[in-house]
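S.K.: Take this structure, written in structure tokens, and hold onto it; I'll ask about it next.
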Amino acid sequence: MNASISPIELRTRPAPSRSEAGSAAGSVIWLLRLEGLAAFAAAVGVYVHAGFSWPLFALLFLAPDLSKLAYLGGPRAGAIGYNLAHNYALPLVLTLAAFAGGVSAAAAAGGLIWIAHIGFDRMLGYGLKFPTGFGDTHLGHLGRP
């Protein structure tokens, strides 16, 4: 038998906002933050092992945050721009292509820095953005643990 909510409970419980409905909660948030730490540590570890330049790392580490400029076009454009620069798909493809020999070593360094940045952001609680505003993320609203 399925557990159900009575009609009285349905009327008295406020509906979650759009961003809260799609956000992680509870221990899942901490697992996602731990995953970010793991991605950061792995990317930095491979970067060190490959012997890439630390000045280059320092120079490019915050480069993905330039995507925040997309918010000048409004919250929807901002979320699209930010999310394109803050998901693992593009830097993983770039890094794997570089290590497979199809792209330069500089691309591998750039991809690893990019992955490290995303992991660091996730570890701090900066998730992918909803079009409702910069503070509405898949990890919850910024400023709330």
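By convention here, the chains of the structure tokens are called A, B, ... in the order presented, each chain's residues are numbered starting at 1, and ligands are numbered starting at 1 in the order presented.
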Find the spatial neighbours of Tyr71 in chain A, counting only C-alpha atoms, within a cut-off of 12 Å - ignore same-chain residues fewer than 2 positions away - and output them as a ChimeraX atom specification.
M.R.: /A:65-69,73-83,129-135
S.K.: What's around His117 in chain A at 10 Å? Count only C-alpha atoms, leave out sequence neighbours fewer than 3 positions away in its own chain, and write the answer as a count of residues only.
M.R.: 21
S.K.: So the first atom is CA of Val103 in chain A and the second is CA of Leu90 in chain A; what is the distance between them in Å, to one decimal place?
M.R.: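 The value is 13.7 Å.
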S.K.: DSSP on the backbone: which residues in range 52-141 of chain A end up as strand (DSSP E or B)? Give the answer as a ChimeraX atom specification.
M.R.: /A:129-130,133-137,140-141
S.K.: Could you turn the residues from that selection into a file that holds C-alpha atoms, as a PDB file, in the first residue's frame?
M.R.:
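As written to disk, again01.pdb reads:
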```
ATOM      1  CA  LYS A 129      22.107  27.844 -11.983  1.00  0.00           C
ATOM      2  CA  PHE A 130      18.361  27.987 -12.497  1.00  0.00           C
ATOM      3  CA  GLY A 133      18.465  34.010 -10.417  1.00  0.00           C
ATOM      4  CA  PHE A 134      22.167  33.543  -9.704  1.00  0.00           C
ATOM      5  CA  GLY A 135      21.546  32.342  -6.154  1.00  0.00           C
ATOM      6  CA  ASP A 136      19.199  29.519  -7.206  1.00  0.00           C
ATOM      7  CA  THR A 137      21.339  26.436  -7.836  1.00  0.00           C
ATOM      8  CA  GLY A 140      20.158  24.862  -3.096  1.00  0.00           C
ATOM      9  CA  HIS A 141      20.015  28.612  -2.661  1.00  0.00           C
TER      10      HIS A 141
END
```
S.K.: Give the answer as one residue: which of A:Ala42, A:Val48, A:Ser53, A:Gly101 has the shortest atom-to-atom distance to Ile115 in chain A, using only C-alpha atoms?
M.R.: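 Closest to Ile115 in chain A of all the choices is A:Ala42.
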S.K.: Quick one: distance from CA of Gly125 in chain A to CA of Arg33 in chain A in Å, one decimal?
M.R.: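 CA of Arg33 in chain A lies at a distance of 6.5 Å from CA of Gly125 in chain A.
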S.K.: Find, counting only C-alpha atoms, the residue in A:Gly110, A:Gly45, A:Gly26, A:Gly127 that gets nearest to Ala58 in chain A.
M.R.: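 Comparing A:Gly110, A:Gly45, A:Gly26, A:Gly127 against Ala58 in chain A, the winner is A:Gly110.
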S.K.: By how many Å are CA of Ala105 in chain A and CA of Ala38 in chain A apart?
M.R.: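 CA of Ala38 in chain A lies at a distance of 22.8 Å from CA of Ala105 in chain A.
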S.K.: Kindly indicate which residue among A:Ser27, A:Ile118, A:Leu34, A:Leu72 lies nearest to Asn87 in chain A, using only C-alpha atoms for the distances.
M.R.: A:Ile118
S.K.: From range 35-109 of chain A, collect each residue whose DSSP state is alpha helix (DSSP H) and return the set as a PyMOL selection string.
M.R.: chain A and resi 35-50+54-60+75-85+89-99+105-109
S.K.: May I ask which of the residues A:Leu139, A:Leu31, A:Tyr47, A:Ala41 is the closest one to Phe99 in chain A, counting only C-alpha atoms?
M.R.: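 Closest to Phe99 in chain A of all the choices is A:Tyr47.
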